[in-house]
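File shown: input_9.txt. Contents: compact mmCIF, C-alpha atoms.
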```
# COMPACT_ATOMS: atom_id res chain seq x y z
CA MET E 1 -15.65 -29.61 -38.88
CA SER E 2 -18.16 -27.29 -37.26
CA ALA E 3 -21.85 -28.17 -36.89
CA ARG E 4 -22.60 -25.57 -39.59
CA ASP E 5 -20.21 -27.22 -42.05
CA GLU E 6 -21.71 -30.62 -41.24
CA VAL E 7 -25.25 -29.37 -41.90
CA LEU E 8 -24.20 -27.75 -45.19
CA ARG E 9 -22.36 -30.94 -46.21
CA ARG E 10 -25.51 -33.00 -45.69
CA VAL E 11 -27.71 -30.48 -47.53
CA ARG E 12 -25.29 -30.49 -50.48
CA GLY E 13 -25.19 -34.30 -50.48
CA ALA E 14 -28.99 -34.49 -50.60
CA LEU E 15 -29.17 -31.91 -53.43
CA GLY E 16 -26.63 -33.69 -55.63
CA PRO E 17 -24.22 -31.90 -57.96
CA PRO E 18 -25.22 -28.35 -58.95
CA ARG E 19 -27.28 -28.36 -62.11
CA ARG E 20 -26.54 -24.80 -63.27
CA THR E 21 -29.79 -24.70 -65.20
CA PRO E 22 -31.24 -21.23 -65.44
CA VAL E 23 -34.28 -20.87 -63.22
CA PRO E 24 -37.08 -19.10 -65.04
CA VAL E 25 -38.39 -16.25 -62.90
CA PRO E 26 -42.03 -15.48 -63.65
CA ARG E 27 -42.34 -11.81 -64.56
CA GLY E 28 -46.07 -11.82 -65.12
CA TYR E 29 -46.71 -9.48 -62.18
CA LEU E 30 -48.00 -5.96 -62.67
CA THR E 31 -45.07 -3.62 -63.20
CA ARG E 32 -47.17 -0.49 -62.95
CA LEU E 33 -50.27 0.55 -61.11
CA THR E 34 -53.23 0.50 -63.49
CA GLY E 35 -56.99 0.92 -63.28
CA PRO E 36 -59.06 3.73 -61.78
CA GLU E 37 -56.63 4.14 -58.85
CA ALA E 38 -54.01 5.38 -61.30
CA ALA E 39 -56.11 7.07 -63.99
CA SER E 40 -54.15 10.31 -63.50
CA ARG E 41 -51.14 11.66 -61.60
CA ALA E 42 -53.57 13.24 -59.13
CA ASP E 43 -55.07 9.79 -58.43
CA VAL E 44 -51.66 8.32 -57.70
CA VAL E 45 -50.82 11.16 -55.32
CA ALA E 46 -54.23 10.85 -53.63
CA LEU E 47 -53.76 7.10 -53.23
CA PHE E 48 -50.35 7.63 -51.64
CA THR E 49 -51.82 10.09 -49.16
CA GLU E 50 -54.70 7.74 -48.32
CA ARG E 51 -52.42 4.73 -47.76
CA VAL E 52 -49.88 6.70 -45.76
CA ALA E 53 -52.63 8.10 -43.52
CA ALA E 54 -54.00 4.58 -43.04
CA LEU E 55 -50.55 3.55 -41.77
CA GLY E 56 -50.73 6.15 -39.01
CA VAL E 57 -48.76 8.93 -40.65
CA ALA E 58 -49.97 12.52 -40.30
CA VAL E 59 -49.79 13.77 -43.89
CA ARG E 60 -50.59 17.15 -45.47
CA HIS E 61 -50.54 18.49 -49.02
CA VAL E 62 -48.82 21.84 -49.49
CA GLY E 63 -47.86 24.02 -52.43
CA GLY E 64 -44.17 24.67 -53.04
CA ASP E 65 -44.47 28.22 -51.68
CA GLU E 66 -46.07 26.98 -48.44
CA LEU E 67 -43.47 24.34 -47.67
CA ALA E 68 -41.30 26.41 -45.30
CA THR E 69 -44.34 27.45 -43.25
CA ALA E 70 -45.70 23.89 -43.20
CA VAL E 71 -42.34 22.48 -42.01
CA ALA E 72 -42.23 25.09 -39.23
CA ALA E 73 -45.83 24.27 -38.24
CA VAL E 74 -45.04 20.55 -37.87
CA LEU E 75 -42.00 21.34 -35.71
CA TRP E 76 -44.00 23.74 -33.55
CA GLY E 77 -46.60 20.98 -33.19
CA TRP E 78 -43.86 18.72 -31.85
CA GLU E 79 -42.76 21.54 -29.52
CA ALA E 80 -39.32 20.92 -30.99
CA LYS E 81 -36.47 23.13 -29.84
CA ARG E 82 -33.57 21.41 -31.62
CA ILE E 83 -33.74 19.30 -34.73
CA VAL E 84 -31.14 17.78 -37.03
CA VAL E 85 -31.17 17.84 -40.84
CA PRO E 86 -28.90 16.53 -43.60
CA ALA E 87 -26.35 19.26 -44.42
CA ASP E 88 -27.60 19.34 -48.02
CA LEU E 89 -31.25 19.91 -47.15
CA PRO E 90 -32.47 22.85 -49.28
CA TYR E 91 -32.31 25.98 -47.13
CA GLY E 92 -35.77 27.03 -48.34
CA TRP E 93 -37.40 24.17 -46.44
CA LEU E 94 -36.25 25.67 -43.14
CA ALA E 95 -36.52 29.36 -43.99
CA GLU E 96 -39.48 29.97 -41.63
CA LEU E 97 -38.19 28.24 -38.51
CA ASP E 98 -38.63 30.48 -35.53
CA GLY E 99 -37.49 29.34 -32.14
CA VAL E 100 -36.34 25.97 -33.52
CA ARG E 101 -32.61 25.41 -33.91
CA ALA E 102 -31.62 23.13 -36.82
CA LEU E 103 -28.28 21.35 -36.60
CA ALA E 104 -26.68 20.42 -39.90
CA ASP E 105 -25.64 16.76 -39.67
CA SER E 106 -21.92 16.10 -39.58
CA ALA E 107 -19.56 13.38 -38.44
CA VAL E 108 -19.34 15.19 -35.09
CA LEU E 109 -22.89 14.14 -34.20
CA ASP E 110 -22.76 10.70 -32.59
CA VAL E 111 -25.71 8.51 -31.62
CA PRO E 112 -26.26 10.12 -28.18
CA ALA E 113 -26.25 13.56 -29.85
CA LEU E 114 -28.81 12.36 -32.41
CA ALA E 115 -30.91 10.82 -29.64
CA GLY E 116 -30.89 14.20 -27.89
CA VAL E 117 -32.62 16.18 -30.65
CA ASP E 118 -36.37 16.58 -30.98
CA GLY E 119 -36.63 15.29 -34.53
CA VAL E 120 -35.25 15.13 -38.04
CA VAL E 121 -36.41 16.59 -41.36
CA THR E 122 -35.48 14.85 -44.62
CA GLY E 123 -36.58 14.37 -48.19
CA CYS E 124 -36.84 10.96 -49.86
CA ALA E 125 -35.72 9.23 -53.06
CA VAL E 126 -39.06 7.82 -54.20
CA ALA E 127 -42.47 7.01 -52.72
CA VAL E 128 -44.94 4.23 -53.56
CA ALA E 129 -48.67 5.01 -53.65
CA ARG E 130 -50.01 1.47 -53.46
CA THR E 131 -48.11 0.60 -50.28
CA GLY E 132 -47.81 4.07 -48.72
CA THR E 133 -44.04 3.65 -48.65
CA VAL E 134 -41.23 6.19 -48.80
CA VAL E 135 -37.75 5.03 -49.80
CA LEU E 136 -34.58 6.75 -48.63
CA ASP E 137 -31.28 5.96 -50.32
CA GLY E 138 -28.92 8.46 -48.73
CA GLY E 139 -29.13 10.77 -51.75
CA ARG E 140 -29.88 14.47 -51.74
CA ALA E 141 -31.66 15.82 -48.64
CA GLN E 142 -31.77 12.35 -47.05
CA GLY E 143 -28.59 11.99 -45.06
CA ARG E 144 -27.04 8.91 -43.50
CA ARG E 145 -29.12 6.09 -42.04
CA ALA E 146 -28.61 6.96 -38.36
CA LEU E 147 -30.27 10.30 -39.00
CA THR E 148 -33.67 8.72 -39.67
CA LEU E 149 -33.29 5.85 -37.18
CA VAL E 150 -32.16 7.53 -33.97
CA PRO E 151 -34.27 10.68 -33.46
CA ASP E 152 -37.76 10.00 -32.16
CA ARG E 153 -39.67 12.06 -34.76
CA HIS E 154 -39.20 12.16 -38.52
CA LEU E 155 -40.75 14.67 -40.90
CA CYS E 156 -40.37 13.45 -44.48
CA VAL E 157 -40.95 15.84 -47.38
CA VAL E 158 -42.22 14.05 -50.51
CA HIS E 159 -42.45 15.91 -53.82
CA ALA E 160 -45.47 14.80 -55.86
CA ASP E 161 -43.22 13.85 -58.80
CA GLN E 162 -41.39 11.38 -56.52
CA ILE E 163 -44.54 9.30 -56.03
CA VAL E 164 -44.95 6.24 -58.28
CA GLY E 165 -47.85 3.81 -58.36
CA ALA E 166 -46.42 0.39 -57.56
CA VAL E 167 -43.27 -1.12 -56.06
CA PRO E 168 -41.71 -2.24 -59.41
CA GLU E 169 -41.88 1.37 -60.62
CA ALA E 170 -39.99 2.46 -57.50
CA VAL E 171 -37.37 -0.25 -57.96
CA ARG E 172 -36.75 0.93 -61.51
CA ARG E 173 -36.00 4.43 -60.20
CA LEU E 174 -33.52 3.23 -57.57
CA ASP E 175 -29.87 2.22 -57.86
CA PRO E 176 -29.65 -1.43 -56.72
CA ALA E 177 -26.06 -0.86 -55.55
CA VAL E 178 -27.07 1.79 -53.00
CA PRO E 179 -28.44 0.72 -49.58
CA GLN E 180 -32.07 1.74 -49.17
CA THR E 181 -34.44 2.26 -46.28
CA TRP E 182 -38.10 1.52 -47.05
CA LEU E 183 -40.55 3.05 -44.59
CA SER E 184 -44.19 1.97 -44.63
CA GLY E 185 -45.59 3.91 -41.72
CA PRO E 186 -43.84 4.40 -38.41
CA PRO E 187 -42.07 1.31 -37.03
CA VAL E 188 -44.09 -0.99 -34.81
CA ALA E 189 -42.70 -1.80 -31.37
CA PRO E 190 -42.15 -5.57 -31.02
CA SER E 191 -43.64 -5.45 -27.51
CA GLU E 192 -44.74 -2.91 -24.95
CA ASP E 193 -41.36 -3.03 -23.22
CA VAL E 194 -39.21 -2.77 -26.31
CA PRO E 195 -39.03 0.53 -28.15
CA PRO E 196 -39.58 0.45 -31.92
CA HIS E 197 -36.59 0.38 -34.25
CA GLY E 198 -36.87 3.93 -35.58
CA PRO E 199 -38.78 7.13 -34.93
CA ARG E 200 -42.05 6.70 -33.05
CA THR E 201 -43.60 9.54 -35.05
CA LEU E 202 -43.48 9.80 -38.84
CA GLU E 203 -45.10 12.82 -40.51
CA MET E 204 -45.14 13.72 -44.18
CA LEU E 205 -45.65 16.77 -46.32
CA VAL E 206 -46.55 16.11 -49.95
CA VAL E 207 -45.40 19.07 -52.07
CA GLU E 208 -47.47 19.77 -55.17
CA ASP E 209 -45.24 21.88 -57.42
CA MET M 1 -37.45 51.39 -96.23
CA SER M 2 -35.74 52.31 -92.98
CA ALA M 3 -32.15 53.55 -92.82
CA ARG M 4 -31.21 50.16 -91.27
CA ASP M 5 -32.71 48.23 -94.19
CA GLU M 6 -30.97 50.56 -96.65
CA VAL M 7 -27.58 49.99 -94.96
CA LEU M 8 -28.10 46.22 -94.93
CA ARG M 9 -29.17 46.27 -98.59
CA ARG M 10 -25.94 48.05 -99.56
CA VAL M 11 -23.78 45.71 -97.47
CA ARG M 12 -25.43 42.67 -99.07
CA GLY M 13 -24.97 44.16 -102.51
CA ALA M 14 -21.27 44.72 -101.88
CA LEU M 15 -20.82 41.17 -100.54
CA GLY M 16 -22.48 39.51 -103.51
CA PRO M 17 -24.50 36.28 -103.29
CA PRO M 18 -23.80 34.11 -100.23
CA ARG M 19 -21.07 31.56 -100.91
CA ARG M 20 -21.98 28.98 -98.26
CA THR M 21 -18.39 27.79 -98.07
CA PRO M 22 -17.49 26.41 -94.68
CA VAL M 23 -15.17 28.77 -92.79
CA PRO M 24 -12.33 26.88 -91.14
CA VAL M 25 -12.06 27.89 -87.47
CA PRO M 26 -8.50 27.53 -86.16
CA ARG M 27 -8.59 25.30 -83.05
CA GLY M 28 -4.90 25.41 -82.28
CA TYR M 29 -5.37 27.26 -79.00
CA LEU M 30 -4.59 25.65 -75.64
CA THR M 31 -7.61 23.73 -74.44
CA ARG M 32 -6.20 23.06 -70.98
CA LEU M 33 -3.90 24.83 -68.61
CA THR M 34 -0.47 23.20 -68.74
CA GLY M 35 2.98 23.84 -67.34
CA PRO M 36 4.12 24.44 -63.76
CA GLU M 37 1.01 26.51 -62.95
CA ALA M 38 -1.08 23.38 -63.36
CA ALA M 39 1.31 20.63 -62.25
CA SER M 40 -1.21 19.44 -59.65
CA ARG M 41 -4.77 20.09 -58.53
CA ALA M 42 -3.37 22.11 -55.62
CA ASP M 43 -1.53 24.36 -58.10
CA VAL M 44 -4.71 25.04 -60.03
CA VAL M 45 -6.60 25.89 -56.84
CA ALA M 46 -3.73 28.11 -55.66
CA LEU M 47 -3.62 29.91 -59.03
CA PHE M 48 -7.38 30.54 -58.84
CA THR M 49 -7.03 32.04 -55.37
CA GLU M 50 -4.12 34.23 -56.46
CA ARG M 51 -5.91 35.54 -59.56
CA VAL M 52 -9.17 36.13 -57.70
CA ALA M 53 -7.36 38.05 -54.97
CA ALA M 54 -5.57 40.13 -57.64
CA LEU M 55 -9.01 41.10 -58.98
CA GLY M 56 -9.97 42.58 -55.62
CA VAL M 57 -11.90 39.65 -54.19
CA ALA M 58 -11.46 38.73 -50.53
CA VAL M 59 -10.91 34.97 -50.71
CA ARG M 60 -10.32 32.33 -48.02
CA HIS M 61 -9.70 28.59 -48.09
CA VAL M 62 -11.78 26.53 -45.68
CA GLY M 63 -12.32 22.84 -44.97
CA GLY M 64 -15.80 21.41 -45.55
CA ASP M 65 -16.44 21.25 -41.80
CA GLU M 66 -15.53 24.94 -41.36
CA LEU M 67 -17.76 26.26 -44.13
CA ALA M 68 -20.78 27.20 -41.99
CA THR M 69 -18.57 29.14 -39.56
CA ALA M 70 -16.70 30.85 -42.39
CA VAL M 71 -19.96 31.92 -44.09
CA ALA M 72 -21.21 33.36 -40.80
CA ALA M 73 -17.89 35.17 -40.27
CA VAL M 74 -18.11 36.87 -43.68
CA LEU M 75 -21.69 37.98 -42.97
CA TRP M 76 -20.73 39.31 -39.54
CA GLY M 77 -17.88 41.18 -41.25
CA TRP M 78 -20.45 42.83 -43.51
CA GLU M 79 -22.56 43.61 -40.41
CA ALA M 80 -25.36 41.94 -42.38
CA LYS M 81 -28.74 41.60 -40.69
CA ARG M 82 -30.78 40.22 -43.61
CA ILE M 83 -29.46 38.29 -46.57
CA VAL M 84 -31.08 36.39 -49.40
CA VAL M 85 -30.10 32.94 -50.68
CA PRO M 86 -31.36 30.59 -53.42
CA ALA M 87 -34.03 28.34 -51.89
CA ASP M 88 -31.96 25.27 -52.77
CA LEU M 89 -28.78 26.44 -51.03
CA PRO M 90 -27.58 23.54 -48.84
CA TYR M 91 -28.80 24.20 -45.28
CA GLY M 92 -25.39 23.27 -43.90
CA TRP M 93 -23.82 26.40 -45.38
CA LEU M 94 -26.00 28.59 -43.16
CA ALA M 95 -26.17 26.39 -40.07
CA GLU M 96 -24.05 28.75 -37.95
CA LEU M 97 -25.78 32.05 -38.73
CA ASP M 98 -26.48 33.91 -35.54
CA GLY M 99 -28.23 37.24 -35.67
CA VAL M 100 -28.41 37.14 -39.47
CA ARG M 101 -31.77 36.38 -41.07
CA ALA M 102 -31.58 34.51 -44.38
CA LEU M 103 -34.52 34.87 -46.76
CA ALA M 104 -35.05 31.99 -49.18
CA ASP M 105 -35.48 33.50 -52.64
CA SER M 106 -38.94 33.21 -54.16
CA ALA M 107 -41.05 34.93 -56.80
CA VAL M 108 -42.40 37.18 -54.04
CA LEU M 109 -39.05 39.01 -53.77
CA ASP M 110 -39.02 41.80 -56.35
CA VAL M 111 -36.09 44.06 -57.21
CA PRO M 112 -36.71 46.61 -54.41
CA ALA M 113 -36.86 43.72 -51.91
CA LEU M 114 -33.58 42.33 -53.26
CA ALA M 115 -32.03 45.80 -53.11
CA GLY M 116 -33.04 46.02 -49.47
CA VAL M 117 -31.04 43.02 -48.22
CA ASP M 118 -27.44 43.21 -47.03
CA GLY M 119 -26.07 40.56 -49.37
CA VAL M 120 -26.48 37.23 -51.10
CA VAL M 121 -24.77 33.85 -50.68
CA THR M 122 -24.55 31.45 -53.63
CA GLY M 123 -22.50 28.62 -55.05
CA CYS M 124 -21.27 28.53 -58.64
CA ALA M 125 -21.24 26.14 -61.60
CA VAL M 126 -17.54 26.24 -62.43
CA ALA M 127 -14.51 28.48 -61.77
CA VAL M 128 -11.47 29.26 -63.95
CA ALA M 129 -8.04 29.49 -62.34
CA ARG M 130 -6.21 31.33 -65.12
CA THR M 131 -8.68 34.20 -65.25
CA GLY M 132 -9.95 34.17 -61.65
CA THR M 133 -13.49 33.77 -62.96
CA VAL M 134 -16.57 32.15 -61.45
CA VAL M 135 -19.42 31.11 -63.71
CA LEU M 136 -23.04 30.93 -62.55
CA ASP M 137 -25.61 29.16 -64.70
CA GLY M 138 -28.69 29.20 -62.49
CA GLY M 139 -28.10 25.59 -61.42
CA ARG M 140 -28.01 24.25 -57.90
CA ALA M 141 -27.32 26.81 -55.14
CA GLN M 142 -27.05 29.65 -57.68
CA GLY M 143 -30.53 31.04 -58.11
CA ARG M 144 -31.88 33.42 -60.72
CA ARG M 145 -29.78 36.23 -62.21
CA ALA M 146 -31.36 39.12 -60.27
CA LEU M 147 -30.17 37.46 -57.06
CA THR M 148 -26.50 38.08 -57.86
CA LEU M 149 -27.01 41.40 -59.67
CA VAL M 150 -29.17 43.43 -57.30
CA PRO M 151 -27.82 42.98 -53.76
CA ASP M 152 -24.71 45.01 -53.03
CA ARG M 153 -22.58 42.18 -51.61
CA HIS M 154 -22.09 38.66 -52.95
CA LEU M 155 -20.44 35.78 -51.14
CA CYS M 156 -19.69 32.97 -53.60
CA VAL M 157 -18.80 29.49 -52.33
CA VAL M 158 -16.49 27.62 -54.71
CA HIS M 159 -15.75 23.94 -54.15
CA ALA M 160 -12.17 23.05 -55.12
CA ASP M 161 -13.41 20.41 -57.57
CA GLN M 162 -15.31 23.12 -59.45
CA ILE M 163 -12.08 24.93 -60.36
CA VAL M 164 -10.61 24.20 -63.80
CA GLY M 165 -7.42 25.59 -65.29
CA ALA M 166 -8.42 27.45 -68.45
CA VAL M 167 -11.54 28.86 -70.07
CA PRO M 168 -11.99 26.04 -72.66
CA GLU M 169 -12.13 23.53 -69.79
CA ALA M 170 -14.91 25.57 -68.18
CA VAL M 171 -16.84 25.82 -71.44
CA ARG M 172 -16.73 22.03 -71.79
CA ARG M 173 -18.36 21.67 -68.35
CA LEU M 174 -21.19 24.09 -69.15
CA ASP M 175 -24.42 23.62 -71.08
CA PRO M 176 -24.31 26.08 -74.02
CA ALA M 177 -28.12 26.27 -74.02
CA VAL M 178 -28.25 27.71 -70.47
CA PRO M 179 -27.64 31.44 -69.87
CA GLN M 180 -24.45 32.02 -67.90
CA THR M 181 -23.01 34.82 -65.81
CA TRP M 182 -19.20 35.06 -65.84
CA LEU M 183 -17.75 37.08 -62.96
CA SER M 184 -14.09 38.08 -63.01
CA GLY M 185 -13.81 40.17 -59.88
CA PRO M 186 -16.41 42.65 -58.72
CA PRO M 187 -17.94 44.83 -61.46
CA VAL M 188 -16.19 48.09 -62.26
CA ALA M 189 -18.26 51.28 -62.15
CA PRO M 190 -18.22 52.99 -65.57
CA SER M 191 -17.69 56.37 -63.84
CA GLU M 192 -17.73 57.86 -60.37
CA ASP M 193 -21.35 58.91 -60.73
CA VAL M 194 -22.67 55.64 -62.14
CA PRO M 195 -22.92 52.64 -59.84
CA PRO M 196 -21.43 49.35 -61.08
CA HIS M 197 -23.69 46.79 -62.72
CA GLY M 198 -23.69 44.22 -59.94
CA PRO M 199 -22.55 43.84 -56.33
CA ARG M 200 -19.83 46.25 -55.23
CA THR M 201 -18.34 43.58 -52.98
CA LEU M 202 -17.53 40.05 -54.10
CA GLU M 203 -16.07 37.61 -51.57
CA MET M 204 -15.26 33.95 -52.04
CA LEU M 205 -14.77 30.87 -49.91
CA VAL M 206 -12.86 28.03 -51.55
CA VAL M 207 -13.92 24.75 -49.93
CA GLU M 208 -11.28 22.02 -49.87
CA ASP M 209 -13.18 18.76 -49.33
```
Output the structure of this file as structure tokens.
Amino acid sequence: MSARDEVLRRVRGALGPPRRTPVPVPRGYLTRLTGPEAASRADVVALFTERVAALGVAVRHVGGDELATAVAAVLWGWEAKRIVVPADLPYGWLAELDGVRALADSAVLDVPALAGVDGVVTGCAVAVARTGTVVLDGGRAQGRRALTLVPDRHLCVVHADQIVGAVPEAVRRLDPAVPQTWLSGPPVAPSEDVPPHGPRTLEMLVVED
Amino acid sequence: MSARDEVLRRVRGALGPPRRTPVPVPRGYLTRLTGPEAASRADVVALFTERVAALGVAVRHVGGDELATAVAAVLWGWEAKRIVVPADLPYGWLAELDGVRALADSAVLDVPALAGVDGVVTGCAVAVARTGTVVLDGGRAQGRRALTLVPDRHLCVVHADQIVGAVPEAVRRLDPAVPQTWLSGPPVAPSEDVPPHGPRTLEMLVVED
């Protein structure tokens, strides 16, 4: 018997036989954002922007017809020469790139290849105003996990209708069976010597359609 | 009373009062492709390719990882310099363009602007093997109708899983409330002096995933 088995045996002995009684889970928490912060859609979007900015994310609002120019401007700001994007990213998002080469992600790109690009552009599944969070679930325009973990800069495009008020609203929109990545600001390095787990720079464009 | 009203009045008079009896519609037609032509998925895809080629469409089969190169090769074959695509075309389809500028379609592009490009690349909603038809319904990667009517060359990307055997199978996959464009080969000019209603050149890439 391993030490682990021995510990578990003692824990089980102390707990006694399983009782199988249903444990009531209190559900009295707020399931939606209410109050003046969420009086209108515009308030929810404004709150998201405020919280995201407070987390150290450069964020800009753009109209749908300005998105391609705004994406290009962010990449020029990074002085990016080569970026990577999910293969299903809408072409229109990248239509104004000039002097920036975008690689469409494929199985050919391994971790060193991803580490060698200047950044990544993705969409998201849902965003949470109250916490300034974006959630990626590998769905459309989001790509696989390595894509938003390995490159050093991440530009995330958030459509205004993807922003909900509070976390429970986001959970309701997501498929619990699909792995998710929740990003609340850029990752924090555990110490000066250890790089953060994820892109050092996170920027966002909020598209008002 | 106009001549039209007079004609309708006489027709109604001859028909007598409306009877409102339900008219039985015979539904004994084949609703799916059967027989050796459709023994397997590969047969259905092969039949589509054969019928499409017989209609004068240049068609090629490509693997998913070859699509970007194949799209670029078709455009180079056209000696295209500027094309237009629906803004939501997956970026990966165009990732290998070199020397071809792709405009993302937007409300800014009017008919003269569309007439001035060298071609258009779209996907489709569904394709019919028996008739060599592709159907566009304005959904993802398809764009508005003018996009595939005005430019002189149209490259249509068909995923193998979008190909059904017979027309009734296609109808079942489509939303009857959404306007559709059914293309069976390139349009035929009504006479030598009158240009055809639509692109003179239709090419297809069948993607086997």
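Among the candidates M:Thr21, M:Ser191, M:Gln162, M:Ser2, the one nearest to M:Asp209 when counting only C-alpha atoms is M:Gln162.
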Could you give me, as a Markdown table, a per-residue list for chain E showing, wherever an atom lies at most 9 Å from an atom of chain M, the closest pair of atoms and their distance in Å to one decimal, using only C-alpha atoms and sorting by chain then residue number from low to high?
```
| residue | atom | partner | partner_atom | distance |
| --- | --- | --- | --- | --- |
| E:Asp65 | CA | M:Ser106 | CA | 7.9 |
| E:Val85 | CA | M:Tyr91 | CA | 8.1 |
| E:Pro86 | CA | M:Gly92 | CA | 7.6 |
| E:Ala87 | CA | M:Gly92 | CA | 4.2 |
| E:Asp88 | CA | M:Pro90 | CA | 4.3 |
| E:Leu89 | CA | M:Tyr91 | CA | 5.3 |
| E:Pro90 | CA | M:Asp88 | CA | 4.3 |
| E:Tyr91 | CA | M:Tyr91 | CA | 4.3 |
| E:Gly92 | CA | M:Ala87 | CA | 4.2 |
| E:Trp93 | CA | M:Ala87 | CA | 7.6 |
| E:Leu94 | CA | M:Tyr91 | CA | 7.9 |
| E:Ala95 | CA | M:Ala104 | CA | 6.0 |
| E:Glu96 | CA | M:Leu103 | CA | 8.7 |
| E:Arg101 | CA | M:Ala95 | CA | 9.0 |
| E:Ala102 | CA | M:Ala95 | CA | 7.1 |
| E:Leu103 | CA | M:Ala95 | CA | 6.5 |
| E:Ala104 | CA | M:Gly92 | CA | 5.1 |
| E:Asp105 | CA | M:Gly92 | CA | 7.8 |
| E:Ser106 | CA | M:Asp65 | CA | 7.8 |
| E:Ala141 | CA | M:Pro90 | CA | 8.7 |
```
Quick one: distance from atom CA of M:Cys156 to atom CA of M:Leu202 in Å, one decimal?
-> 7.4 Å
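Picture a line from atom CA of M:Pro168 to atom CA of M:Arg32; it runs 6.7 Å.
Note that atom CA of E:Val164 and atom CA of E:His197 are 26.1 Å apart.
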Nearest to M:Ala125 among M:Leu205, M:Leu8, M:Val157, M:Val25, with distances taken over all atoms listed in the file: which residue is it?
->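 Checking each candidate against M:Ala125, we get M:Val157 as the closest.
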Spatial neighbours of stretch 187-190 of chain M, 7 Å, all atoms listed in the file, chain gap at least 5 places, as a PyMOL selection string = chain M and resi 195-200
So which one's closest to M:Thr49, M:His159, M:Arg12, M:Arg144, M:Lys81? Using all atoms listed in the file, please.
->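 Smallest distance to M:Thr49 is found for M:His159.
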Return as AutoDock Vina command-line options the centre and edge lengths, in Å with one decimal, of the box along x, y and z that encloses every atom of stretch 52-61 of chain M in the file, padded by 4 Å per side.
```
--center_x -8.7 --center_y 35.6 --center_z -53.5 --size_x 14.3 --size_y 22.0 --size_z 19.0
```
May I have the residues within 12 Å of M:Ala177 as a PyMOL selection string, using all atoms listed in the file and disregarding those fewer than 3 positions away in the same chain?
-> chain M and resi 137-138+171+174+180
Keeping only C-alpha atoms, write the selected residues to a file as a compact mmCIF listing (two decimals), keeping the file's coordinate frame.
```txt
# COMPACT_ATOMS: atom_id res chain seq x y z
CA ASP M 137 -25.61 29.16 -64.70
CA GLY M 138 -28.69 29.20 -62.49
CA VAL M 171 -16.84 25.82 -71.44
CA LEU M 174 -21.19 24.09 -69.15
CA GLN M 180 -24.45 32.02 -67.90
```
Please provide the set of residues having any atom within 7 Å of M:Val126, restricted to all atoms listed in the file, with same-chain residues fewer than 6 positions apart removed, written as a PyMOL selection string.
-> chain M and resi 134-135+162-163+170
Looking at E:Ala70, E:Ala146, E:Leu155, E:Ala129, which one is nearest to E:Val45, with distances taken over all atoms listed in the file?
->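 Selected residue with least distance to E:Val45: E:Ala129.
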Where atoms are lacking, stretch 33-44 of chain E completed to N, CA and C atoms, as a PDB file, keeping the file's coordinate frame:
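For reference, rebuild.pdb as written:
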```
ATOM      1  N   LEU E  33     -48.922   0.468 -61.650  1.00  0.00           N
ATOM      2  CA  LEU E  33     -50.270   0.550 -61.110  1.00  0.00           C
ATOM      3  C   LEU E  33     -51.192   0.948 -62.258  1.00  0.00           C
ATOM      4  N   THR E  34     -52.289   0.191 -62.409  1.00  0.00           N
ATOM      5  CA  THR E  34     -53.230   0.500 -63.490  1.00  0.00           C
ATOM      6  C   THR E  34     -54.630   0.622 -62.900  1.00  0.00           C
ATOM      7  N   GLY E  35     -55.604   0.862 -63.733  1.00  0.00           N
ATOM      8  CA  GLY E  35     -56.990   0.920 -63.280  1.00  0.00           C
ATOM      9  C   GLY E  35     -57.342   2.310 -62.757  1.00  0.00           C
ATOM     10  N   PRO E  36     -58.556   2.407 -62.185  1.00  0.00           N
ATOM     11  CA  PRO E  36     -59.060   3.730 -61.780  1.00  0.00           C
ATOM     12  C   PRO E  36     -58.190   4.394 -60.715  1.00  0.00           C
ATOM     13  N   GLU E  37     -57.494   3.581 -59.883  1.00  0.00           N
ATOM     14  CA  GLU E  37     -56.630   4.140 -58.850  1.00  0.00           C
ATOM     15  C   GLU E  37     -55.530   5.008 -59.446  1.00  0.00           C
ATOM     16  N   ALA E  38     -55.152   4.700 -60.703  1.00  0.00           N
ATOM     17  CA  ALA E  38     -54.010   5.380 -61.300  1.00  0.00           C
ATOM     18  C   ALA E  38     -54.384   6.010 -62.632  1.00  0.00           C
ATOM     19  N   ALA E  39     -55.654   6.490 -62.724  1.00  0.00           N
ATOM     20  CA  ALA E  39     -56.110   7.070 -63.990  1.00  0.00           C
ATOM     21  C   ALA E  39     -55.351   8.358 -64.304  1.00  0.00           C
ATOM     22  N   SER E  40     -54.898   9.066 -63.283  1.00  0.00           N
ATOM     23  CA  SER E  40     -54.150  10.310 -63.500  1.00  0.00           C
ATOM     24  C   SER E  40     -53.086  10.436 -62.417  1.00  0.00           C
ATOM     25  N   ARG E  41     -52.159  11.369 -62.617  1.00  0.00           N
ATOM     26  CA  ARG E  41     -51.140  11.660 -61.600  1.00  0.00           C
ATOM     27  C   ARG E  41     -51.814  12.018 -60.276  1.00  0.00           C
ATOM     28  N   ALA E  42     -52.893  12.812 -60.357  1.00  0.00           N
ATOM     29  CA  ALA E  42     -53.570  13.240 -59.130  1.00  0.00           C
ATOM     30  C   ALA E  42     -54.107  12.034 -58.358  1.00  0.00           C
ATOM     31  N   ASP E  43     -54.581  11.001 -59.099  1.00  0.00           N
ATOM     32  CA  ASP E  43     -55.070   9.790 -58.430  1.00  0.00           C
ATOM     33  C   ASP E  43     -53.955   9.075 -57.692  1.00  0.00           C
ATOM     34  N   VAL E  44     -52.797   9.007 -58.325  1.00  0.00           N
ATOM     35  CA  VAL E  44     -51.660   8.320 -57.700  1.00  0.00           C
ATOM     36  C   VAL E  44     -51.253   9.046 -56.421  1.00  0.00           C
TER      37      VAL E  44
END
```
